[in-house]
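Student: Quick one, work_2.cif (mmCIF, C-alpha atoms and all ligand atoms):
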data_upload
loop_
_atom_site.label_atom_id
_atom_site.label_comp_id
_atom_site.auth_asym_id
_atom_site.auth_seq_id
_atom_site.Cartn_x
_atom_site.Cartn_y
_atom_site.Cartn_z
CA MET A 1 -19.84 54.60 40.81
CA HIS A 2 -21.00 52.06 43.38
CA ILE A 3 -19.29 48.69 43.61
CA GLN A 4 -22.59 47.06 42.56
CA THR A 5 -22.37 48.86 39.20
CA ARG A 6 -18.61 48.38 38.79
CA LEU A 7 -18.97 44.64 39.39
CA ILE A 8 -21.12 44.50 36.29
CA HIS A 9 -19.35 46.91 33.95
CA ALA A 10 -15.71 47.43 34.96
CA GLY A 11 -13.16 45.81 32.67
CA GLU A 12 -15.66 45.19 29.89
CA GLU A 13 -15.64 48.49 28.04
CA GLN A 14 -14.35 46.76 24.89
CA LYS A 15 -17.05 44.39 23.69
CA ILE A 16 -15.56 41.46 21.78
CA ALA A 17 -17.35 40.91 18.44
CA GLY A 18 -20.29 42.76 19.98
CA ALA A 19 -20.87 40.05 22.57
CA VAL A 20 -22.56 41.50 25.66
CA VAL A 21 -20.89 38.81 27.80
CA THR A 22 -17.16 38.08 27.37
CA PRO A 23 -17.14 34.68 25.62
CA ILE A 24 -14.89 31.81 26.71
CA PHE A 25 -11.60 31.84 24.80
CA GLN A 26 -11.00 28.11 24.72
CA SER A 27 -7.61 28.48 23.06
CA ALA A 28 -4.31 27.60 24.69
CA THR A 29 -2.30 29.85 22.40
CA PHE A 30 -2.79 32.96 20.27
CA THR A 31 -1.17 34.06 17.02
CA SER A 32 1.81 36.36 17.25
CA LYS A 33 3.46 38.62 14.70
CA GLU A 34 7.06 38.70 13.59
CA GLY A 35 9.04 41.15 15.71
CA GLN A 36 6.95 40.77 18.88
CA GLY A 37 8.79 40.09 22.13
CA TYR A 38 8.19 37.55 24.88
CA ASP A 39 5.94 39.95 26.74
CA ASP A 40 3.59 40.05 23.76
CA ILE A 41 3.06 36.30 23.69
CA ARG A 42 -0.44 35.29 24.65
CA TYR A 43 -0.77 31.84 26.13
CA LEU A 44 -3.20 30.41 28.64
CA ARG A 45 -0.58 29.61 31.30
CA LEU A 46 0.60 33.23 31.15
CA ASN A 47 -2.85 34.33 32.39
CA ASN A 48 -3.29 36.85 29.58
CA THR A 49 -6.20 35.64 27.46
CA PRO A 50 -9.14 38.05 27.07
CA ASN A 51 -10.91 36.09 29.86
CA HIS A 52 -8.03 36.80 32.24
CA ASN A 53 -7.72 40.41 31.16
CA VAL A 54 -11.34 41.34 31.89
CA LEU A 55 -11.14 39.66 35.29
CA HIS A 56 -7.92 41.44 36.17
CA ALA A 57 -9.37 44.81 35.19
CA LYS A 58 -12.59 44.16 37.12
CA LEU A 59 -10.89 42.93 40.29
CA ALA A 60 -8.40 45.82 40.32
CA ASP A 61 -11.29 48.25 39.92
CA ILE A 62 -13.56 46.83 42.64
CA CYS A 63 -10.73 46.43 45.15
CA GLY A 64 -9.24 49.85 44.39
CA GLY A 65 -5.87 48.40 43.35
CA GLU A 66 -3.60 49.22 40.40
CA ALA A 67 -3.46 45.63 39.16
CA ALA A 68 -4.92 42.20 39.82
CA LEU A 69 -4.11 38.59 39.00
CA VAL A 70 -6.27 35.48 39.11
CA THR A 71 -4.82 32.11 40.03
CA GLY A 72 -5.78 28.43 39.92
CA SER A 73 -6.83 28.39 43.61
CA GLY A 74 -6.75 30.50 46.75
CA MET A 75 -3.68 28.59 47.91
CA ALA A 76 -1.95 29.32 44.58
CA ALA A 77 -2.58 33.03 45.22
CA ILE A 78 -1.26 32.88 48.79
CA THR A 79 1.81 30.72 48.17
CA THR A 80 2.81 32.45 44.94
CA ALA A 81 2.45 35.90 46.50
CA LEU A 82 4.59 34.92 49.51
CA LEU A 83 7.23 33.22 47.37
CA ALA A 84 7.41 36.19 45.01
CA LEU A 85 7.74 38.78 47.77
CA LEU A 86 10.01 36.85 50.16
CA LYS A 87 13.32 35.17 49.47
CA SER A 88 15.62 32.86 51.37
CA GLY A 89 16.76 34.56 54.60
CA ASP A 90 13.63 36.69 54.91
CA HIS A 91 11.35 36.62 57.95
CA LEU A 92 7.57 36.95 58.09
CA LEU A 93 5.22 37.94 60.91
CA ILE A 94 1.94 36.10 60.50
CA GLN A 95 -1.29 35.85 62.47
CA ASP A 96 -1.57 32.82 64.75
CA CYS A 97 -5.08 31.69 63.76
CA LEU A 98 -4.83 31.06 60.02
CA TYR A 99 -6.55 29.16 57.25
CA GLY A 100 -5.17 25.59 57.59
CA GLY A 101 -3.44 25.50 54.20
CA THR A 102 -1.68 28.81 54.87
CA HIS A 103 -0.64 27.65 58.33
CA SER A 104 0.85 24.45 56.90
CA PHE A 105 2.65 26.36 54.15
CA VAL A 106 4.36 28.85 56.45
CA SER A 107 5.19 26.29 59.13
CA GLN A 108 6.19 23.33 56.91
CA ASP A 109 7.14 24.47 53.39
CA ALA A 110 8.48 28.01 53.76
CA PRO A 111 11.23 27.02 56.28
CA ASP A 112 12.61 24.50 53.74
CA LEU A 113 13.11 27.45 51.40
CA GLY A 114 14.88 29.53 54.05
CA ILE A 115 11.87 31.72 54.85
CA SER A 116 11.17 31.86 58.59
CA CYS A 117 8.11 33.14 60.37
CA ASP A 118 6.84 34.06 63.81
CA PHE A 119 3.21 33.95 64.81
CA ILE A 120 1.56 37.05 66.23
CA ALA A 121 -1.71 37.56 68.10
CA GLY A 122 -3.93 39.69 65.89
CA ASN A 123 -5.34 41.62 68.82
CA ALA A 124 -2.16 42.28 70.79
CA PRO A 125 -0.25 44.85 68.67
CA GLU A 126 1.87 45.75 71.70
CA THR A 127 3.52 42.30 71.43
CA TRP A 128 4.47 42.50 67.72
CA ALA A 129 7.61 44.65 67.96
CA ALA A 130 9.34 42.07 70.18
CA LYS A 131 9.12 39.61 67.28
CA LEU A 132 10.68 41.91 64.68
CA LYS A 133 14.06 40.95 63.22
CA SER A 134 16.32 42.82 60.85
CA GLU A 135 15.27 40.27 58.20
CA THR A 136 11.52 40.83 58.74
CA LYS A 137 10.01 41.78 55.39
CA ALA A 138 6.27 41.35 55.71
CA ILE A 139 3.25 41.03 57.99
CA TYR A 140 0.30 38.82 57.06
CA VAL A 141 -3.22 38.64 58.54
CA GLU A 142 -6.73 37.45 57.70
CA THR A 143 -9.71 39.82 57.86
CA MET A 144 -11.64 37.44 60.14
CA SER A 145 -10.37 34.24 61.68
CA ASN A 146 -11.98 30.89 61.05
CA PRO A 147 -14.08 29.57 62.82
CA LEU A 148 -14.19 32.06 65.75
CA LEU A 149 -14.50 35.20 63.57
CA GLU A 150 -11.94 37.18 65.51
CA VAL A 151 -11.22 40.52 63.82
CA ALA A 152 -7.53 41.39 64.11
CA ASP A 153 -6.46 44.97 64.82
CA LEU A 154 -6.26 45.71 61.10
CA GLU A 155 -5.56 49.44 61.53
CA ALA A 156 -2.62 48.59 63.80
CA VAL A 157 -1.28 46.14 61.18
CA VAL A 158 -1.13 48.91 58.56
CA ALA A 159 0.46 51.37 60.99
CA PHE A 160 3.00 48.77 62.16
CA ALA A 161 3.92 47.83 58.58
CA ARG A 162 4.47 51.50 57.71
CA ALA A 163 6.48 52.22 60.84
CA HIS A 164 8.83 49.28 60.21
CA GLY A 165 8.99 49.28 56.40
CA LEU A 166 7.17 45.95 56.02
CA LEU A 167 4.89 44.77 53.24
CA SER A 168 1.39 44.14 54.56
CA LEU A 169 -0.70 41.28 53.16
CA ILE A 170 -4.27 40.37 54.01
CA ASP A 171 -6.42 37.38 53.13
CA ASN A 172 -9.76 39.14 52.62
CA THR A 173 -11.73 36.02 51.64
CA PHE A 174 -14.19 36.15 54.57
CA ALA A 175 -15.22 39.79 53.98
CA SER A 176 -15.10 40.08 50.16
CA PRO A 177 -14.45 43.53 48.62
CA CYS A 178 -18.12 44.40 49.24
CA ASN A 179 -17.69 44.29 53.01
CA PHE A 180 -14.09 45.45 53.35
CA ARG A 181 -11.55 47.09 51.04
CA PRO A 182 -8.12 46.67 52.65
CA LEU A 183 -6.13 48.48 49.92
CA GLU A 184 -8.05 51.68 50.62
CA MET A 185 -7.06 51.30 54.29
CA GLY A 186 -3.37 50.98 53.38
CA PHE A 187 -2.68 47.26 53.00
CA ASP A 188 -0.23 46.48 50.17
CA ILE A 189 -1.60 43.15 48.93
CA GLU A 190 -5.14 41.78 49.10
CA LEU A 191 -5.57 38.03 48.62
CA HIS A 192 -8.69 35.97 48.03
CA SER A 193 -9.82 32.45 47.74
CA ALA A 194 -12.14 33.32 44.85
CA THR A 195 -13.59 29.84 45.38
CA LYS A 196 -15.71 31.44 48.11
CA TYR A 197 -17.71 34.68 47.83
CA LEU A 198 -16.13 36.07 44.64
CA ASN A 199 -17.36 33.15 42.56
CA GLY A 200 -20.15 32.35 44.98
CA HIS A 201 -21.55 29.16 43.49
CA SER A 202 -19.33 26.38 44.90
CA ASP A 203 -18.45 25.19 41.39
CA ILE A 204 -14.80 26.21 40.84
CA VAL A 205 -11.61 26.80 42.81
CA ALA A 206 -9.78 30.04 42.04
CA GLY A 207 -7.70 32.72 43.71
CA ALA A 208 -7.04 36.43 43.32
CA ILE A 209 -4.27 38.89 44.18
CA VAL A 210 -4.72 42.68 44.04
CA GLY A 211 -2.27 45.49 44.76
CA ALA A 212 0.28 47.87 43.25
CA ALA A 213 1.33 47.09 39.68
CA ASP A 214 4.97 46.33 40.58
CA HIS A 215 3.99 43.81 43.28
CA VAL A 216 1.34 42.13 41.15
CA GLY A 217 3.74 42.07 38.18
CA ALA A 218 6.43 40.32 40.25
CA ILE A 219 3.87 37.78 41.48
CA ALA A 220 2.59 37.24 37.91
CA HIS A 221 6.12 36.37 36.73
CA LYS A 222 6.40 33.73 39.46
CA LEU A 223 2.93 32.39 38.67
CA ASN A 224 3.83 32.07 34.99
CA ARG A 225 6.72 29.80 35.97
CA PHE A 226 5.02 27.91 38.81
CA GLY A 227 2.06 27.27 36.52
CA GLY A 228 -0.84 27.94 38.89
CA SER A 229 -2.90 29.64 36.18
CA LEU A 230 -6.69 29.74 36.03
CA ASP A 231 -8.33 27.92 33.13
CA THR A 232 -10.43 30.15 30.87
CA HIS A 233 -13.61 28.20 31.52
CA ALA A 234 -13.15 28.79 35.26
CA CYS A 235 -12.37 32.46 34.44
CA PHE A 236 -15.72 32.70 32.69
CA LEU A 237 -17.58 31.24 35.66
CA LEU A 238 -15.72 33.47 38.13
CA HIS A 239 -16.55 36.49 36.00
CA ARG A 240 -20.22 35.54 35.87
CA GLY A 241 -20.28 34.98 39.64
CA LEU A 242 -18.60 38.32 40.35
CA LYS A 243 -21.37 40.28 38.69
CA THR A 244 -23.83 39.37 41.45
CA LEU A 245 -21.36 39.62 44.36
CA SER A 246 -22.93 42.74 45.80
CA LEU A 247 -26.47 41.31 45.81
CA ARG A 248 -25.30 38.01 47.20
CA MET A 249 -23.23 39.59 49.98
CA ARG A 250 -26.22 41.58 51.15
CA GLN A 251 -28.18 38.35 51.65
CA HIS A 252 -25.23 36.45 53.20
CA ASP A 253 -24.78 39.32 55.68
CA GLU A 254 -28.49 39.52 56.45
CA ASN A 255 -28.92 35.76 56.91
CA ALA A 256 -25.93 35.47 59.23
CA LEU A 257 -26.95 38.54 61.24
CA GLN A 258 -30.56 37.41 61.75
CA LEU A 259 -29.54 33.83 62.48
CA ALA A 260 -26.89 35.04 64.95
CA HIS A 261 -29.49 37.16 66.78
CA MET A 262 -31.93 34.27 66.87
CA LEU A 263 -29.33 31.80 68.15
CA ALA A 264 -28.09 34.25 70.78
CA GLU A 265 -31.63 34.31 72.25
CA ASP A 266 -31.97 30.52 72.34
CA PRO A 267 -31.46 29.03 75.84
CA GLN A 268 -29.80 25.93 74.32
CA VAL A 269 -27.07 28.04 72.73
CA VAL A 270 -24.24 28.99 75.09
CA GLN A 271 -22.12 31.01 72.67
CA VAL A 272 -22.51 32.66 69.25
CA ASN A 273 -19.44 34.05 67.46
CA TYR A 274 -20.35 36.69 64.87
CA PRO A 275 -18.72 40.13 64.48
CA GLY A 276 -22.12 41.69 63.76
CA LEU A 277 -23.36 40.88 67.29
CA GLN A 278 -22.82 43.48 69.98
CA SER A 279 -21.56 40.70 72.28
CA HIS A 280 -18.58 40.09 69.94
CA ALA A 281 -15.26 41.29 71.38
CA GLN A 282 -14.43 43.29 68.21
CA TYR A 283 -17.96 44.45 67.38
CA ASP A 284 -16.98 48.15 67.35
CA ARG A 285 -14.05 47.54 65.02
CA ALA A 286 -16.14 45.40 62.67
CA LYS A 287 -18.84 48.08 62.60
CA ARG A 288 -16.30 50.80 61.86
CA LEU A 289 -14.38 48.93 59.15
CA PHE A 290 -16.87 46.57 57.49
CA ALA A 291 -20.00 47.28 55.47
CA GLY A 292 -21.35 43.93 56.69
CA ALA A 293 -20.06 41.20 59.00
CA GLY A 294 -20.16 38.41 56.39
CA GLY A 295 -22.00 35.11 56.12
CA VAL A 296 -20.07 32.93 58.56
CA LEU A 297 -20.87 32.41 62.25
CA SER A 298 -20.09 29.73 64.78
CA LEU A 299 -21.94 28.50 67.85
CA GLU A 300 -21.61 26.30 70.88
CA LEU A 301 -24.57 24.35 72.27
CA LEU A 302 -25.41 23.13 75.76
CA GLY A 303 -24.88 19.38 75.79
CA GLY A 304 -21.64 19.40 73.81
CA VAL A 305 -20.82 17.08 70.94
CA GLU A 306 -24.05 15.04 71.09
CA SER A 307 -26.17 18.18 70.86
CA ALA A 308 -24.05 19.45 67.97
CA GLU A 309 -24.49 16.16 66.12
CA ARG A 310 -28.25 16.22 66.71
CA LEU A 311 -28.43 19.79 65.38
CA LEU A 312 -26.55 18.86 62.20
CA ALA A 313 -28.73 15.79 61.71
CA GLY A 314 -31.97 17.72 62.29
CA LEU A 315 -31.33 20.58 59.86
CA GLN A 316 -33.02 20.24 56.49
CA LEU A 317 -31.53 23.11 54.48
CA PRO A 318 -27.80 23.29 55.28
CA GLU A 319 -25.55 20.70 53.66
CA SER A 320 -22.77 19.25 55.80
CA ALA A 321 -19.67 20.29 53.86
CA PRO A 322 -16.56 22.40 54.32
CA SER A 323 -16.05 25.67 52.39
CA LEU A 324 -18.21 28.79 52.36
CA GLY A 325 -19.37 31.63 50.21
CA GLY A 326 -21.72 29.68 47.94
CA VAL A 327 -25.42 30.34 47.53
CA GLU A 328 -26.28 27.30 49.69
CA THR A 329 -25.84 27.23 53.48
CA LEU A 330 -23.08 24.84 54.58
CA ILE A 331 -22.49 23.56 58.09
CA THR A 332 -19.50 21.84 59.70
CA ARG A 333 -18.05 20.82 63.01
CA PRO A 334 -14.49 22.21 62.66
CA ALA A 335 -13.15 19.56 65.09
CA THR A 336 -13.95 16.92 62.48
CA THR A 337 -13.11 18.97 59.37
CA SER A 338 -10.82 22.03 59.17
CA HIS A 339 -9.22 21.46 62.60
CA SER A 340 -9.23 17.64 62.70
CA SER A 341 -5.43 17.45 62.46
CA LEU A 342 -5.10 19.13 65.88
CA SER A 343 -5.40 17.22 69.16
CA PRO A 344 -8.45 17.95 71.37
CA GLU A 345 -6.07 19.82 73.74
CA GLU A 346 -4.63 21.95 70.90
CA ARG A 347 -8.14 22.73 69.70
CA ALA A 348 -9.25 23.69 73.20
CA ALA A 349 -6.22 25.98 73.52
CA ILE A 350 -7.33 28.00 70.47
CA GLY A 351 -10.98 28.00 71.50
CA VAL A 352 -12.22 25.50 68.91
CA GLY A 353 -14.14 23.10 71.14
CA ASP A 354 -15.22 19.70 69.84
CA SER A 355 -18.85 20.81 70.00
CA LEU A 356 -18.30 24.07 68.06
CA VAL A 357 -20.52 24.30 64.96
CA ARG A 358 -19.70 26.59 62.02
CA VAL A 359 -22.47 27.86 59.77
CA ALA A 360 -21.62 29.42 56.39
CA CYS A 361 -24.91 31.08 55.47
CA GLY A 362 -26.05 30.93 51.87
CA ILE A 363 -28.58 33.23 50.28
CA GLU A 364 -31.79 31.33 51.05
CA ALA A 365 -34.70 33.39 52.45
CA THR A 366 -33.80 34.45 56.00
CA GLU A 367 -37.16 33.22 57.38
CA ASP A 368 -36.67 29.74 55.92
CA LEU A 369 -33.15 29.44 57.28
CA CYS A 370 -34.16 30.64 60.75
CA ALA A 371 -37.26 28.38 60.76
CA ASP A 372 -35.07 25.40 59.92
CA PHE A 373 -32.75 26.14 62.85
CA THR A 374 -35.77 26.59 65.15
CA GLN A 375 -37.18 23.17 64.24
CA ALA A 376 -33.75 21.49 64.46
CA LEU A 377 -33.00 23.07 67.88
CA ALA A 378 -36.36 21.81 69.15
CA GLY A 379 -35.18 18.27 68.44
CA VAL A 380 -31.74 18.62 70.06
C1 LIG A 401 -10.66 28.52 51.31
C2 LIG A 401 -9.68 29.48 51.85
C3 LIG A 401 -8.37 29.54 51.35
C4 LIG A 401 -7.85 28.56 50.32
O1 LIG A 401 -8.51 28.72 49.11
P1 LIG A 401 -8.65 27.56 47.98
O2 LIG A 401 -9.40 28.25 46.92
O3 LIG A 401 -9.37 26.41 48.62
O4 LIG A 401 -7.26 27.18 47.59
C5 LIG A 401 -7.53 30.50 51.86
N1 LIG A 401 -7.94 31.38 52.80
C6 LIG A 401 -9.18 31.35 53.31
C7 LIG A 401 -9.57 32.34 54.36
C8 LIG A 401 -10.10 30.41 52.85
O5 LIG A 401 -11.34 30.38 53.36
#
Could you render the structure from this file as structure tokens?
Tutor:
Amino acid sequence: MHIQTRLIHAGEEQKIAGAVVTPIFQSATFTSKEGQGYDDIRYLRLNNTPNHNVLHAKLADICGGEAALVTGSGMAAITTALLALLKSGDHLLIQDCLYGGTHSFVSQDAPDLGISCDFIAGNAPETWAAKLKSETKAIYVETMSNPLLEVADLEAVVAFARAHGLLSLIDNTFASPCNFRPLEMGFDIELHSATKYLNGHSDIVAGAIVGAADHVGAIAHKLNRFGGSLDTHACFLLHRGLKTLSLRMRQHDENALQLAHMLAEDPQVVQVNYPGLQSHAQYDRAKRLFAGAGGVLSLELLGGVESAERLLAGLQLPESAPSLGGVETLITRPATTSHSSLSPEERAAIGVGDSLVRVACGIEATEDLCADFTQALAGV
């Protein structure tokens, strides 16, 4: 069946007390019987309440994985997965343009634990082999980079991992399983900040890990000890959000595509970064691999920082806030938010100019969103 149908029904074959919607199990612990072992214990931190179980079954189904695990945040998913799969002495190859929290973790925390890493350029697979070591265990990429929306050579990542016996991990937050299913392409582990599209309503933080049962099981054991579990009330909200993922993604994709086209035509706009535009360097790859190019785009205006500030001030619909994937359009200047810890020179080196504006399209009507940008650009 289609993902749109599976998002609604998968994992919920067993109705609990006849309830059409899985109720919230607001209970930290569950009764056990004499003779049961540790693995039978049900306890909220062990991520095995009925609310967790339906989510795990649904996520595994829609991503095409054997097993899934939800976590207390996207960063809990990423750090727990890496710490479960890598040990002291191991080496990791990881993409150079990363989500800030992931970048800080691999460059500041992982070395303290004896895990080293080297950064690789996602679009230069010919340079990766030179960075291999005998201790290299894994390769890690993101589906699209933030905020320039670069699409790494994902097929080459899978081939490289297979050729060198590495585990391949991908943060698929920006695409969601509706637009891209990495496990079907051969990635071993798919990670999500479920805070974003999976939940879709900007009202919880959560994470998800999907992959083979032995990998997910090993990560679950670490998570049980580290304690980054997802509360059942947040599980309920994530589950409710997931059911409309397919419908929401269609509108996110459409809004970003139409807005990107409109902005690309505007004489005040010097650059639009969106993988759904033919002008994008990896347009062909995005078209081949993705069902849609997602809801996030970035742009550069004539007139630099002042113009960017006037655009943000003149827009009525988008809220100025970090994050993405909710129903409302959010707008940021990465130089003052996600990339503010870098110097202007460091930002320039990675192509994140001080006047770059990132738009995370919500699911408002496309015409209203475009009309708002038209009126705001007129006042820039
Ligand atoms: C937001 C985000 C994360 C971190 O997720 P949290 O839920 O905030 O912990 C990781 N990766 C990407 C690509 C993100 O956008």
Student: Nearest residue to Gln14 in chain A out of A:Ile139, A:Leu92, A:Met249, A:Ala57, using all atoms listed in the file?
Tutor: A:Ala57
Student: Using all atoms listed in the file, find the one residue out of A:Gly74, A:Arg42, A:Thr136, A:Asn224 that sits nearest to Ser88 in chain A.
Tutor: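 Among the listed residues, the smallest separation from Ser88 in chain A belongs to A:Thr136.
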Student: Given only C-alpha atoms and all ligand atoms, how would the per-residue table for chain A near ligand LIG 401 (chain A) read, listing every residue at most 7 Å away with its closest atom pair and distance in Å to one decimal, sorted by chain and number, as a Markdown table?
Tutor:
| residue | atom | partner | partner_atom | distance |
| --- | --- | --- | --- | --- |
| A:Ser73 | CA | A:LIG401 | O4 | 4.2 |
| A:Gly74 | CA | A:LIG401 | O1 | 3.4 |
| A:Met75 | CA | A:LIG401 | O4 | 3.9 |
| A:Ala76 | CA | A:LIG401 | O4 | 6.5 |
| A:Tyr99 | CA | A:LIG401 | N1 | 5.2 |
| A:Gly101 | CA | A:LIG401 | C4 | 6.6 |
| A:Thr102 | CA | A:LIG401 | C5 | 6.8 |
| A:Glu142 | CA | A:LIG401 | C7 | 6.7 |
| A:Asp171 | CA | A:LIG401 | C7 | 6.1 |
| A:Thr173 | CA | A:LIG401 | C7 | 5.1 |
| A:Phe174 | CA | A:LIG401 | C7 | 6.0 |
| A:His192 | CA | A:LIG401 | N1 | 6.7 |
| A:Ser193 | CA | A:LIG401 | O1 | 4.2 |
| A:Ala194 | CA | A:LIG401 | O2 | 6.1 |
| A:Thr195 | CA | A:LIG401 | O2 | 4.7 |
| A:Lys196 | CA | A:LIG401 | C1 | 6.7 |
| A:Val205 | CA | A:LIG401 | O2 | 4.9 |
| A:Ala206 | CA | A:LIG401 | O2 | 5.2 |
| A:Gly207 | CA | A:LIG401 | O2 | 5.8 |
| A:Ser323 | CA | A:LIG401 | C1 | 6.2 |
Student: CA of Gly325 in chain A and CA of Lys287 in chain A, how far apart in Å?
Tutor: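 About the pair CA of Lys287 in chain A and CA of Gly325 in chain A: they are 20.6 Å apart.
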Student: Any idea what the distance is between CA of Ile120 in chain A and CA of Phe105 in chain A?
Tutor: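 So the answer is 16.2 Å.
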Student: If we count all atoms listed in the file and set the cut-off at 10 Å, which residues sit around Ala376 in chain A, ignoring sequence neighbours fewer than 4 positions away in its own chain? Please answer as a list in words.
Tutor: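 Here the qualifying residues turn out to be Arg310, Leu311, Leu312, Ala313, Gly314, Leu315, Gln316, Cys370, Ala371, Asp372 and Val380 of chain A.
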Student: Please build the interface table for range 238-319 of chain A against range 344-368 of chain A with a cut-off of 6 Å, listing for each qualifying residue the nearest atom pair and the distance in Å to one decimal; count all atoms listed in the file, order rows by chain and increasing number, and write it as a Markdown table.
Tutor:
| residue | atom | partner | partner_atom | distance |
| --- | --- | --- | --- | --- |
| A:Gln251 | CA | A:Ile363 | CA | 5.3 |
| A:His252 | CA | A:Ile363 | CA | 5.5 |
| A:Asn255 | CA | A:Thr366 | CA | 5.1 |
| A:Ala256 | CA | A:Cys361 | CA | 5.9 |
| A:Gly295 | CA | A:Cys361 | CA | 5.0 |
| A:Val296 | CA | A:Ala360 | CA | 4.4 |
| A:Leu297 | CA | A:Val359 | CA | 5.4 |
| A:Ser298 | CA | A:Arg358 | CA | 4.2 |
| A:Leu299 | CA | A:Val357 | CA | 5.3 |
| A:Glu300 | CA | A:Leu356 | CA | 4.9 |
| A:Gly304 | CA | A:Ser355 | CA | 4.9 |
| A:Val305 | CA | A:Ser355 | CA | 4.3 |
| A:Ala308 | CA | A:Ser355 | CA | 5.7 |
Student: I need the residue nearest Asn172 in chain A from this list: A:Pro50, A:Gly18, A:Gly303, A:Gly294. Use only C-alpha atoms for the distance.
Tutor: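 Among the listed residues, A:Gly294 lies closest to Asn172 in chain A.
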Student: Determine, counting all atoms listed in the file, every residue of protein, DNA or RNA that lies within 12 Å of (-10.8, 42.5, 55.1) in the file coordinates, then give the result as a PyMOL selection string.
Tutor: chain A and resi 63+140-145+149-155+157+169-187+189-192+285-286+289-294
Student: My list of candidates is A:Gly35, A:Pro23, A:Gly241, A:Gly64. Which is closest to Asn51 in chain A when distances are computed with only C-alpha atoms?
Tutor: A:Pro23
Student: Please identify all polymer residues within 10 Å of Ser338 in chain A, counting only C-alpha atoms, omitting same-chain residues fewer than 4 positions from it, and present them as number ranges by chain.
Tutor: A: 99-101, 146-147, 322-323, 332-334, 342
Student: Looking at A:His9, A:Lys222, A:His103, A:His215, which one is nearest to Leu55 in chain A, with distances taken over all atoms listed in the file?
Tutor: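 Using all atoms listed in the file, the shortest distance to Leu55 in chain A belongs to A:His9.
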Student: From the list A:Met1, A:Leu44, A:Leu93, A:Ile204, which residue is nearest Pro125 in chain A when using only C-alpha atoms?
Tutor: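 Nearest to Pro125 in chain A: A:Leu93.
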Student: Counting all atoms listed in the file, select every polymer residue within 12 Å of (-2.1, 42.1, 28.6) as defined in the file's coordinates, and provide the selection as a PyMOL selection string.
Tutor: chain A and resi 38-44+46-57+67-69+217+220
Student: Would you mind listing, for every residue of range 180-257 of chain A within 10 Å of range 269-282 of chain A, the two atoms forming the shortest contact and the distance between them in Å to one decimal, using only C-alpha atoms, sorted by chain and ascending residue number, as CSV?
Tutor:
residue,atom,partner,partner_atom,distance
A:Asp253,CA,A:Gly276,CA,8.8
A:Glu254,CA,A:Gly276,CA,9.9
A:Ala256,CA,A:Tyr274,CA,8.0
A:Leu257,CA,A:Gly276,CA,6.3
Student: To one decimal in Å, tell me the separation between CA of Arg225 in chain A and CA of Thr31 in chain A.
Tutor: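 Taking CA of Arg225 in chain A as the start and CA of Thr31 in chain A as the end point, the length is 21.0 Å.
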